[in-house]
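Novice: Quick one: the structure is below, and I'll ask about it shortly.
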Amino acid sequence: MTPQQQKLHDMTKQLDDSDCWIWQGQVSNSGYGRVMEVQANRGTKMVSAQTASYHAFVGIVPEGHLVKQSCGQRLCINPKHLELIAV
Ligand SMILES: [Zn+2]
C-alpha cells in the first residue's frame, strides 16, 4: 500500500461478517465519512471518505460522477465496494 492508502485503511475497522472497511473518522450530516485530502498543488479539500479512497486506490473520478458504495454501507470505503455513479 502507498502511505495515503495505508493512512485511509488505518482509519477504518473491518466488520467480522463482511469485508467492508468501516470508516472511523469524521462523519458528515448525510452519514458519509469525510476527510481532508491533500491535492497536488491545490492545497487541501474536504472530500467524502469514499472519494478519498477511490482517489488513493483506483484513480481520478471523472467529471459528472460520484463515488458510491455498491454494498450499501455508507461508511464503507473498501475500494472493491466503490463504484462510479453518473449524476
Ligand atoms: Zn462495503
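To be explicit about the labels: the chains of the C-alpha cells are called A, B, and onward in the order shown, and within each one the residues are counted from 1, while ligands get numbers from 1 in the order they are shown.
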Applying 9 Å and only C-alpha atoms, which residues near region 4-15 of chain A remain after dropping the ones on its own chain fewer than 4 positions away? List them as a list in words.
Specialist: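 Selected residues are Asp19, Cys20, Trp21, Ile22, Trp23, Gln24, Gly25, Ala49, Ala52, Ser53, Ala56, Phe57, Cys76, Ile77 and Asn78 of chain A.
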Novice: Can you pull out every residue from chain A that DSSP, working from the backbone, puts in strand (DSSP E or B), and format the result as a PyMOL selection string?
Specialist: chain A and resi 12-14+21-23+27+33-39+43-48+65-69+76+82-86
Novice: Using only C-alpha atoms and all ligand atoms, find the one residue out of A:Asp17, A:Val61, A:Leu66, A:Ala40 that sits nearest to ligand 1.
Specialist: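 Nearest candidate to ligand 1 out of A:Asp17, A:Val61, A:Leu66, A:Ala40: A:Asp17.
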Novice: Would you please give, as an MDAnalysis selection string, all residues of region 15-75 of chain A that DSSP assigns to alpha helix (DSSP H) based on the backbone?
Specialist: chainID A and resid 49:57
Novice: Could you check how far CA of Val35 (chain A) sits from CA of Val47 (chain A), in Å to one decimal?
Specialist: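 Distance reported for this atom pair: 5.7 Å.
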Novice: Rank nothing, just name the residue among A:Leu84, A:Tyr54, A:Ser18, A:Gly31 nearest to ligand 1, using only C-alpha atoms and all ligand atoms.
Specialist: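 For ligand 1, the nearest of the candidates is A:Ser18.
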Novice: Tell me which of A:Gln50, A:Glu37, A:Pro3, A:Pro62 sits closest to ligand 1, counting only C-alpha atoms and all ligand atoms.
Specialist: A:Gln50
Novice: Check the smallest atom-to-atom distance from each of A:His55, A:Gln26, A:Leu75, A:Met1 to Gln39 (chain A) using only C-alpha atoms, then report the winner.
Specialist: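 Of the candidates, the smallest distance to Gln39 (chain A) is held by A:His55.
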